[in-house]
>>> print(open('query02.txt').read())   # compact mmCIF, C-alpha atoms and all ligand atoms
# COMPACT_ATOMS: atom_id res chain seq x y z
CA MET R 192 15.67 16.38 15.37
CA ALA R 193 12.12 15.15 15.74
CA ASP R 194 11.72 11.47 16.50
CA LYS R 195 9.25 11.27 13.65
CA LEU R 196 10.75 11.62 10.18
CA VAL R 197 7.82 10.64 8.00
CA MET R 198 4.62 12.59 7.44
CA ASN R 199 2.69 10.38 5.04
CA LEU R 200 2.64 7.70 2.38
CA HIS R 201 3.21 9.35 -0.98
CA HIS R 202 3.52 6.80 -3.79
CA THR R 203 4.47 3.32 -4.83
CA SER R 204 6.65 2.47 -7.79
CA VAL R 205 5.98 -0.72 -9.74
CA LEU R 206 8.25 -2.40 -12.28
CA VAL R 207 6.11 -3.49 -15.22
CA ALA R 208 6.77 -5.56 -18.33
CA ASP R 209 5.18 -2.95 -20.60
CA VAL R 210 4.49 0.62 -19.46
CA ASP R 211 1.81 1.29 -22.11
CA GLU R 212 -0.07 -1.90 -21.20
CA ALA R 213 0.18 -1.20 -17.46
CA PHE R 214 -0.90 2.44 -17.91
CA ASP R 215 -4.07 1.27 -19.69
CA ARG R 216 -4.65 -1.49 -17.11
CA TYR R 217 -4.38 0.82 -14.09
CA SER R 218 -6.65 3.35 -15.88
CA VAL R 219 -9.29 0.77 -16.73
CA LEU R 220 -9.22 -1.33 -13.53
CA LEU R 221 -8.59 1.38 -10.95
CA GLY R 222 -9.86 4.56 -12.62
CA MET R 223 -6.45 6.22 -12.33
CA HIS R 224 -5.18 8.85 -14.75
CA GLY R 225 -1.78 10.32 -15.44
CA GLU R 226 1.03 11.07 -17.85
CA LYS R 227 3.83 9.18 -19.51
CA MET R 228 7.27 10.73 -19.34
CA ASP R 229 10.84 9.52 -19.93
CA GLY R 230 9.68 5.94 -20.51
CA CYS R 231 7.77 5.84 -17.19
CA ALA R 232 4.21 6.76 -16.25
CA LEU R 233 2.98 8.80 -13.28
CA MET R 234 -0.59 8.08 -12.20
CA ARG R 235 -3.00 9.46 -9.61
CA CYS R 236 -6.41 8.67 -8.11
CA MET R 237 -7.79 12.22 -7.86
CA HIS R 238 -5.64 15.31 -7.58
CA GLU R 239 -2.41 14.02 -6.06
CA ASP R 240 0.74 15.07 -7.91
CA PHE R 241 1.03 11.28 -8.36
CA CYS R 242 0.65 8.16 -6.22
CA LEU R 243 1.90 5.47 -8.62
CA VAL R 244 4.99 5.25 -10.82
CA LEU R 245 5.07 2.60 -13.54
CA LYS R 246 8.63 1.80 -14.61
CA PRO R 247 9.90 -0.58 -17.30
CA ALA R 248 11.19 -3.74 -15.61
CA GLY R 249 13.84 -4.08 -18.30
CA GLY R 250 14.32 -7.83 -17.97
CA ARG R 251 13.76 -7.90 -14.20
CA LYS R 252 10.70 -9.56 -12.71
CA PRO R 253 7.63 -7.26 -12.73
CA PHE R 254 7.18 -6.45 -9.05
CA LEU R 255 6.84 -3.70 -6.46
CA ASP R 256 9.91 -1.49 -6.89
CA TYR R 257 9.63 0.71 -3.79
CA VAL R 258 7.27 2.49 -1.41
CA ALA R 259 7.82 6.25 -1.01
CA TYR R 260 6.97 8.44 1.96
CA GLU R 261 7.08 12.20 2.36
CA LEU R 262 9.31 13.55 5.12
CA ALA R 263 7.94 15.64 7.97
CA PRO R 264 7.23 19.27 6.92
CA GLY R 265 10.38 21.36 6.68
CA LEU R 266 12.73 18.38 6.96
CA SER R 267 15.31 18.39 4.13
CA LEU R 268 16.77 15.31 2.48
CA THR R 269 20.19 16.32 3.78
CA ASP R 270 19.01 16.55 7.40
CA ALA R 271 17.00 13.34 7.10
CA ALA R 272 19.98 11.51 5.61
CA ARG R 273 22.21 12.70 8.45
CA GLU R 274 19.69 11.59 11.08
CA ILE R 275 19.11 8.19 9.46
CA GLU R 276 22.86 7.58 9.26
CA ARG R 277 23.12 8.54 12.93
CA ARG R 278 20.52 5.84 13.61
CA GLY R 279 22.88 3.36 11.96
CA GLU R 280 21.31 2.98 8.53
CA LYS R 281 22.85 3.55 5.11
CA VAL R 282 21.11 5.89 2.67
CA GLU R 283 21.64 6.37 -1.03
CA HIS R 284 20.69 9.51 -2.96
CA ILE R 285 18.56 8.66 -5.99
CA SER R 286 16.45 10.50 -8.49
CA VAL R 287 12.67 10.30 -8.16
CA PRO R 288 10.28 11.19 -11.00
CA GLN R 289 8.93 14.74 -10.78
CA ARG R 290 10.41 15.32 -7.29
CA GLY R 291 14.02 15.20 -8.51
CA ALA R 292 15.87 13.88 -5.47
CA GLY R 293 15.06 11.22 -2.91
CA LEU R 294 16.72 8.93 -0.38
CA LEU R 295 16.75 5.17 -0.84
CA LEU R 296 16.89 2.83 2.16
CA HIS R 297 16.41 -0.90 2.59
CA ASP R 298 14.20 -2.11 5.44
CA ALA R 299 14.88 -5.18 7.58
CA ASP R 300 13.67 -7.51 4.79
CA GLY R 301 15.52 -5.60 2.08
CA ASN R 302 12.35 -3.94 0.72
CA ARG R 303 13.18 -0.65 -0.95
CA VAL R 304 11.92 2.44 0.90
CA VAL R 305 12.20 5.92 -0.61
CA LEU R 306 11.90 9.26 1.18
CA VAL R 307 11.10 12.53 -0.56
CA GLU R 308 10.70 16.03 0.84
CA ARG R 309 7.19 17.16 1.71
CA VAL R 310 5.54 19.30 -0.99
CA ARG R 311 2.28 20.94 0.03
CA PRO R 312 -0.56 20.61 -2.51
CA LYS R 313 -0.60 23.68 -4.78
CA ASP R 314 -4.35 24.10 -4.32
CA PRO R 315 -5.48 24.21 -0.69
CA ARG R 316 -9.14 23.49 -1.49
CA SER R 317 -10.79 20.18 -0.77
CA PRO R 318 -10.08 17.80 -3.70
CA VAL R 319 -13.76 17.65 -4.66
CA MET R 320 -13.72 21.42 -5.36
CA ILE R 321 -10.80 21.32 -7.78
CA PRO R 322 -11.74 21.12 -11.48
CA ASN R 323 -10.03 18.29 -13.34
CA GLU R 324 -11.05 17.55 -16.90
CA ARG R 325 -9.23 14.22 -16.88
CA LEU R 326 -10.81 12.80 -13.73
CA LEU R 327 -12.56 9.55 -14.58
CA GLY R 328 -16.10 8.70 -13.46
CA TYR R 329 -14.89 5.92 -11.23
CA HIS R 330 -11.75 6.45 -9.19
CA PRO R 331 -10.43 5.70 -5.69
CA ARG R 332 -9.91 8.61 -3.33
CA ARG R 333 -6.27 7.91 -2.51
CA LEU R 334 -3.48 5.42 -1.99
CA GLY R 335 -3.90 4.55 1.68
CA HIS R 336 -1.52 1.86 2.90
CA VAL R 337 0.86 -0.94 2.04
CA ASN R 338 1.00 -4.43 3.54
CA TYR R 339 3.94 -6.85 3.35
CA LEU R 340 4.48 -10.46 4.32
CA THR R 341 7.68 -10.96 6.28
CA GLY R 342 9.80 -13.69 7.79
CA ASP R 343 10.80 -11.51 10.74
CA VAL R 344 8.07 -9.22 11.99
CA GLN R 345 10.10 -8.16 15.06
CA ALA R 346 12.99 -6.99 12.88
CA GLN R 347 10.59 -4.95 10.76
CA PHE R 348 8.96 -3.49 13.89
CA LYS R 349 12.35 -2.40 15.15
CA TRP R 350 13.43 -1.01 11.77
CA TYR R 351 10.37 1.15 11.06
CA THR R 352 9.99 2.46 14.62
CA GLU R 353 13.68 3.07 15.26
CA ILE R 354 14.90 4.23 11.84
CA LEU R 355 11.84 6.08 10.50
CA GLY R 356 9.94 6.81 13.73
CA PHE R 357 6.71 5.04 12.73
CA LYS R 358 4.32 4.50 15.64
CA LEU R 359 2.88 1.19 16.73
CA THR R 360 -0.90 1.01 16.35
CA ASP R 361 -1.78 -2.60 17.20
CA TRP R 362 -0.65 -6.19 17.04
CA ILE R 363 -2.65 -9.30 16.22
CA GLY R 364 -0.99 -11.87 18.47
CA ASP R 365 2.73 -11.74 17.70
CA ALA R 366 2.27 -12.31 13.96
CA GLY R 367 0.57 -9.17 12.68
CA LEU R 368 1.91 -5.64 13.05
CA TRP R 369 0.16 -2.36 12.17
CA LEU R 370 1.99 0.99 12.10
CA HIS R 371 0.88 4.59 11.63
CA VAL R 372 2.37 7.99 10.86
CA ASP R 373 -0.86 10.03 11.06
CA PRO R 374 -4.26 9.58 12.75
CA ARG R 375 -5.35 6.87 10.32
CA HIS R 376 -5.08 3.38 11.84
CA HIS R 377 -2.24 2.23 9.59
CA VAL R 378 -0.08 3.27 6.70
CA LEU R 379 1.97 0.08 6.76
CA ALA R 380 1.41 -3.45 8.04
CA PHE R 381 3.35 -6.72 8.24
CA LEU R 382 2.18 -10.30 8.57
CA GLU R 383 4.62 -12.97 9.72
CA LYS R 384 4.37 -15.69 7.06
CA GLY R 385 7.91 -17.04 6.96
CA TYR R 386 9.05 -15.12 3.90
CA PRO R 387 9.17 -11.51 2.68
CA HIS R 388 6.87 -10.47 -0.17
CA ILE R 389 4.67 -7.52 -1.00
CA HIS R 390 1.09 -8.48 -0.13
CA HIS R 391 -1.12 -5.54 -1.09
CA THR R 392 -1.37 -1.88 -1.86
CA ALA R 393 -4.65 -0.39 -0.67
CA PHE R 394 -6.82 2.27 -2.25
CA GLU R 395 -9.46 4.12 -0.24
CA LEU R 396 -12.99 4.41 -1.60
CA VAL R 397 -15.63 6.70 -0.12
CA ASP R 398 -18.06 4.14 1.27
CA PHE R 399 -19.48 0.66 0.89
CA GLY R 400 -21.64 1.78 -2.04
CA GLU R 401 -18.57 2.82 -3.97
CA MET R 402 -16.90 -0.47 -3.07
CA ARG R 403 -19.88 -2.21 -4.67
CA ALA R 404 -19.36 -0.13 -7.82
CA GLY R 405 -15.62 -0.90 -7.78
CA LEU R 406 -16.05 -4.64 -7.30
CA ASP R 407 -18.76 -4.85 -10.00
CA HIS R 408 -16.37 -2.96 -12.23
CA ILE R 409 -13.37 -5.26 -11.79
CA ALA R 410 -15.60 -8.35 -12.12
CA ARG R 411 -16.59 -7.18 -15.58
CA HIS R 412 -12.90 -7.03 -16.43
CA GLY R 413 -12.26 -10.62 -15.46
CA ARG R 414 -10.82 -10.01 -11.98
CA TYR R 415 -12.24 -12.03 -9.12
CA VAL R 416 -12.27 -11.13 -5.43
CA THR R 417 -9.94 -13.41 -3.48
CA TRP R 418 -11.25 -12.30 -0.10
CA GLY R 419 -14.07 -10.01 0.87
CA PRO R 420 -15.96 -7.90 1.36
CA VAL R 421 -15.00 -8.23 5.01
CA ARG R 422 -15.15 -6.05 8.10
CA HIS R 423 -11.73 -6.11 9.71
CA GLY R 424 -12.08 -6.19 13.49
CA MET R 425 -8.70 -4.67 13.95
CA ALA R 426 -8.55 -1.33 12.01
CA GLN R 427 -12.31 -1.56 11.44
CA ASN R 428 -12.14 -1.05 7.66
CA LEU R 429 -14.47 -2.65 5.16
CA ALA R 430 -12.16 -4.34 2.68
CA ALA R 431 -11.97 -6.56 -0.40
CA TYR R 432 -8.86 -7.96 -2.06
CA TRP R 433 -8.24 -8.80 -5.72
CA ARG R 434 -5.08 -9.80 -7.54
CA MET R 435 -2.97 -7.66 -9.78
CA TRP R 436 -1.28 -10.87 -10.90
CA GLU R 437 0.93 -9.11 -13.44
CA GLU R 438 3.08 -7.70 -10.63
CA GLU R 439 2.46 -10.36 -7.94
CA HIS R 440 0.43 -8.46 -5.40
CA PHE R 441 -3.12 -7.75 -4.35
CA ILE R 442 -5.08 -4.52 -4.61
CA GLU R 443 -7.28 -3.77 -1.62
CA PHE R 444 -10.38 -1.61 -1.88
CA TYR R 445 -11.34 -0.26 1.53
CA CYS R 446 -13.33 2.39 3.36
CA ASP R 447 -14.32 3.34 6.92
CA MET R 448 -10.94 2.75 8.56
CA GLN R 449 -10.54 3.56 12.25
CA VAL R 450 -9.20 7.04 13.05
CA LEU R 451 -7.02 6.88 16.13
CA ASP R 452 -7.79 8.83 19.28
CA ALA R 453 -5.05 11.25 20.35
CA ASP R 454 -4.45 9.01 23.37
CA HIS R 455 -4.49 5.73 21.45
CA VAL R 456 -2.83 2.89 23.35
CA PRO R 457 -1.48 0.02 21.21
CA PHE R 458 -3.51 -3.10 21.72
CA THR R 459 -2.68 -6.75 21.09
CA HIS R 460 -5.75 -8.30 19.50
CA PRO R 461 -6.19 -12.03 20.03
CA ASP R 462 -5.09 -14.00 16.97
CA ASP R 463 -8.56 -15.35 16.24
CA PRO R 464 -10.63 -15.33 13.04
CA TYR R 465 -12.83 -12.46 14.17
CA ALA R 466 -9.95 -10.01 14.59
CA SER R 467 -9.41 -10.50 10.85
CA ASN R 468 -13.08 -10.43 9.92
CA THR R 469 -15.91 -9.67 12.34
CA TRP R 470 -18.26 -11.13 9.72
CA GLY R 471 -16.43 -14.42 10.07
CA ILE R 472 -15.14 -15.67 6.73
CA LEU R 473 -11.38 -16.17 6.48
CA PRO R 474 -9.39 -15.96 3.23
CA PRO R 475 -8.41 -19.02 1.18
CA ARG R 476 -4.85 -20.15 2.00
CA SER R 477 -3.75 -18.97 -1.44
CA TYR R 478 -4.27 -15.43 -0.12
CA PHE R 479 -0.72 -15.55 1.21
CA LYS R 480 0.78 -17.19 -1.88
CA PHE R 481 1.88 -15.89 -5.23
CA ASP R 482 3.10 -18.96 -7.15
CA PRO R 483 1.18 -19.79 -10.36
CA GLU R 484 -0.23 -23.08 -9.00
CA SER R 485 -1.76 -21.41 -5.92
CA VAL R 486 -3.20 -18.62 -8.05
CA LYS R 487 -4.70 -21.15 -10.47
CA MET R 488 -6.24 -23.18 -7.61
CA GLU R 489 -7.64 -20.00 -6.12
CA ARG R 490 -9.08 -18.87 -9.43
CA GLU R 491 -10.78 -22.24 -9.89
CA GLN R 492 -11.87 -22.17 -6.22
CA VAL R 493 -10.57 -25.70 -5.77
CA HIS R 494 -10.89 -25.38 -1.96
CA ALA R 495 -14.67 -25.01 -2.30
CA PHE R 496 -14.93 -28.32 -4.17
CA LEU R 497 -12.36 -30.41 -2.28
CA MET R 498 -13.03 -29.52 1.35
CA PRO R 499 -15.54 -31.76 3.14
FE FE D 501 -4.80 -3.55 3.96
>>> encode(input="query02.txt", output="structure tokens", more="lines below")
Ligand SMILES: [Fe+2]
Amino acid sequence: MADKLVMNLHHTSVLVADVDEAFDRYSVLLGMHGEKMDGCALMRCMHEDFCLVLKPAGGRKPFLDYVAYELAPGLSLTDAAREIERRGEKVEHISVPQRGAGLLLHDADGNRVVLVERVRPKDPRSPVMIPNERLLGYHPRRLGHVNYLTGDVQAQFKWYTEILGFKLTDWIGDAGLWLHVDPRHHVLAFLEKGYPHIHHTAFELVDFGEMRAGLDHIARHGRYVTWGPVRHGMAQNLAAYWRMWEEEHFIEFYCDMQVLDADHVPFTHPDDPYASNTWGILPPRSYFKFDPESVKMEREQVHAFLMP
């Protein structure tokens, strides 16, 4: 059994108060398209089978439901389940939209992680060559990574590397952890903030020009940028973060992320402002908070008026 179980990030599932409203919102704000089926919606950026599931919250709090990864090519759910149990972790068999079956695990913070078998794209051509009458004029390229806040970054490091075989990319001090499963700098990251919470899901755009178009677009729909555009020192990506306040997380737009050398050696970046942003501006403190008061203060940019 290969050490590495996971090939790539496949989709996120989000519990929403109203599937029709959320379907329209993700279409309008993010240029995603998709289908509704069985009370849920499946959405995509370009030509993925899907990269987002919208599910009725049904009385629960609207929130990130789970993050789903595809298993390594050829690895079956049965074999993966056996291996994960051997590594000391419980798995549950669940049903996943379109894919049928999946495995459900809980990471060290209790976040829900789903594994599905790898399905190769039906059309081997580059996505830009594939006709798609429903593709919108503005759309991200792909779902790229997920970032959580945690109260125990070491426990999450151990869980993802030992249970799922994720590889360490870099640390920032001992508080920020970046992990990869393919040559892209990270597919998953954790920031030690004293409590577990989803922080952002990140969508890749082609370049800085498209980020400009994306940020102009969301501004016209009443969304403000909480932080950015920035140039992350660590991971190198150009990034900007805006709130999807309905489900208590941020959306990141990014491009130009570091591609790892085959002989990449994990590095511990100093925990200084310029590892976060080589251009120098740090986020408001509300960037790590999700309570209504912090969001309101951020929206009104109270820090800009009160700070000497
Ligand atoms: Fe990110």
>>> residues_near_ligand(input="query02.txt", ligand="ligand FE 501 (chain D)", cutoff="10 Å", atoms="all atoms listed in the file", output="MDAnalysis selection string")
chainID R and resid 335:339 369 377:381 390:395 423 426 428:432 441:445 448
>>> closest_residue(input="query02.txt", among="R:Thr360, R:Gln492, R:Gln347, R:Thr352", to="Trp418 (chain R)", atoms="all atoms listed in the file")
R:Gln492
>>> closest_residue(input="query02.txt", among="R:Glu280, R:Ala213, R:Arg403, R:Arg476", to="Ala248 (chain R)", atoms="only C-alpha atoms")
R:Ala213
>>> closest_residue(input="query02.txt", among="R:Phe357, R:Phe241, R:Tyr329, R:Trp350", to="Val197 (chain R)", atoms="only C-alpha atoms")
R:Phe357
>>> residues_near_point(input="query02.txt", point="(10.7, -11.8, 9.3)", cutoff="12 Å", atoms="all atoms listed in the file", output="count of residues only")
29
>>> atom_distance(input="query02.txt", atom1="CA of Glu437 (chain R)", atom2="CA of Val207 (chain R)")
7.8 Å
>>> closest_atom_pairs(input="query02.txt", of="region 349-385 of chain R", to="region 267-274 of chain R", cutoff="12 Å", atoms="only C-alpha atoms", output="tab-separated table")
residue	atom	partner	partner_atom	distance
R:Glu353	CA	R:Glu274	CA	11.2
R:Ile354	CA	R:Glu274	CA	8.8
R:Leu355	CA	R:Ala271	CA	9.5
R:Gly356	CA	R:Glu274	CA	11.2
>>> atom_distance(input="query02.txt", atom1="CA of Lys281 (chain R)", atom2="CA of Leu295 (chain R)")
8.7 Å
>>> closest_residue(input="query02.txt", among="R:His297, R:Arg235, R:His201, R:Arg316", to="Leu262 (chain R)", atoms="only C-alpha atoms")
R:His201
>>> atom_distance(input="query02.txt", atom1="CA of Ile285 (chain R)", atom2="CA of Gly265 (chain R)")
19.7 Å
>>> closest_residue(input="query02.txt", among="R:Leu473, R:Val205, R:Gly291, R:Trp362", to="His460 (chain R)", atoms="all atoms listed in the file")
R:Trp362
>>> closest_residue(input="query02.txt", among="R:Glu239, R:Glu324, R:Asp373, R:Glu212", to="Gln449 (chain R)", atoms="only C-alpha atoms")
R:Asp373
>>> closest_atom_pairs(input="query02.txt", of="region 396-469 of chain R", to="region 215-234 of chain R", cutoff="12 Å", atoms="all atoms listed in the file", output="JSON lines")
{"residue": "R:Leu396", "atom": "CA", "partner": "R:Leu221", "partner_atom": "CA", "distance": 10.8}
{"residue": "R:Met402", "atom": "CA", "partner": "R:Leu221", "partner_atom": "CA", "distance": 11.6}
{"residue": "R:Ala404", "atom": "CA", "partner": "R:Leu221", "partner_atom": "CA", "distance": 11.3}
{"residue": "R:Gly405", "atom": "CA", "partner": "R:Leu221", "partner_atom": "CA", "distance": 8.0}
{"residue": "R:Leu406", "atom": "CA", "partner": "R:Leu220", "partner_atom": "CA", "distance": 9.8}
{"residue": "R:Asp407", "atom": "CA", "partner": "R:Leu220", "partner_atom": "CA", "distance": 10.8}
{"residue": "R:His408", "atom": "CA", "partner": "R:Leu220", "partner_atom": "CA", "distance": 7.4}
{"residue": "R:Ile409", "atom": "CA", "partner": "R:Leu220", "partner_atom": "CA", "distance": 6.0}
{"residue": "R:Ala410", "atom": "CA", "partner": "R:Leu220", "partner_atom": "CA", "distance": 9.6}
{"residue": "R:Arg411", "atom": "CA", "partner": "R:Leu220", "partner_atom": "CA", "distance": 9.6}
{"residue": "R:His412", "atom": "CA", "partner": "R:Leu220", "partner_atom": "CA", "distance": 7.4}
{"residue": "R:Gly413", "atom": "CA", "partner": "R:Leu220", "partner_atom": "CA", "distance": 10.0}
{"residue": "R:Arg414", "atom": "CA", "partner": "R:Leu220", "partner_atom": "CA", "distance": 9.0}
{"residue": "R:Tyr415", "atom": "CA", "partner": "R:Leu220", "partner_atom": "CA", "distance": 12.0}
{"residue": "R:Trp433", "atom": "CA", "partner": "R:Leu220", "partner_atom": "CA", "distance": 10.9}
{"residue": "R:Arg434", "atom": "CA", "partner": "R:Leu220", "partner_atom": "CA", "distance": 11.2}
{"residue": "R:Met435", "atom": "CA", "partner": "R:Tyr217", "partner_atom": "CA", "distance": 9.6}
{"residue": "R:Trp436", "atom": "CA", "partner": "R:Arg216", "partner_atom": "CA", "distance": 11.7}
{"residue": "R:Glu437", "atom": "CA", "partner": "R:Arg216", "partner_atom": "CA", "distance": 10.1}
{"residue": "R:Glu438", "atom": "CA", "partner": "R:Tyr217", "partner_atom": "CA", "distance": 11.8}
{"residue": "R:Ile442", "atom": "CA", "partner": "R:Leu221", "partner_atom": "CA", "distance": 9.3}
{"residue": "R:Glu443", "atom": "CA", "partner": "R:Leu221", "partner_atom": "CA", "distance": 10.7}
{"residue": "R:Phe444", "atom": "CA", "partner": "R:Leu221", "partner_atom": "CA", "distance": 9.7}
>>> residues_around(input="query02.txt", residues="Pro318 (chain R)", least_positions_apart="6", cutoff="12 Å", atoms="all atoms listed in the file", output="ChimeraX atom specification")
/R:236-240,312,326,332-333
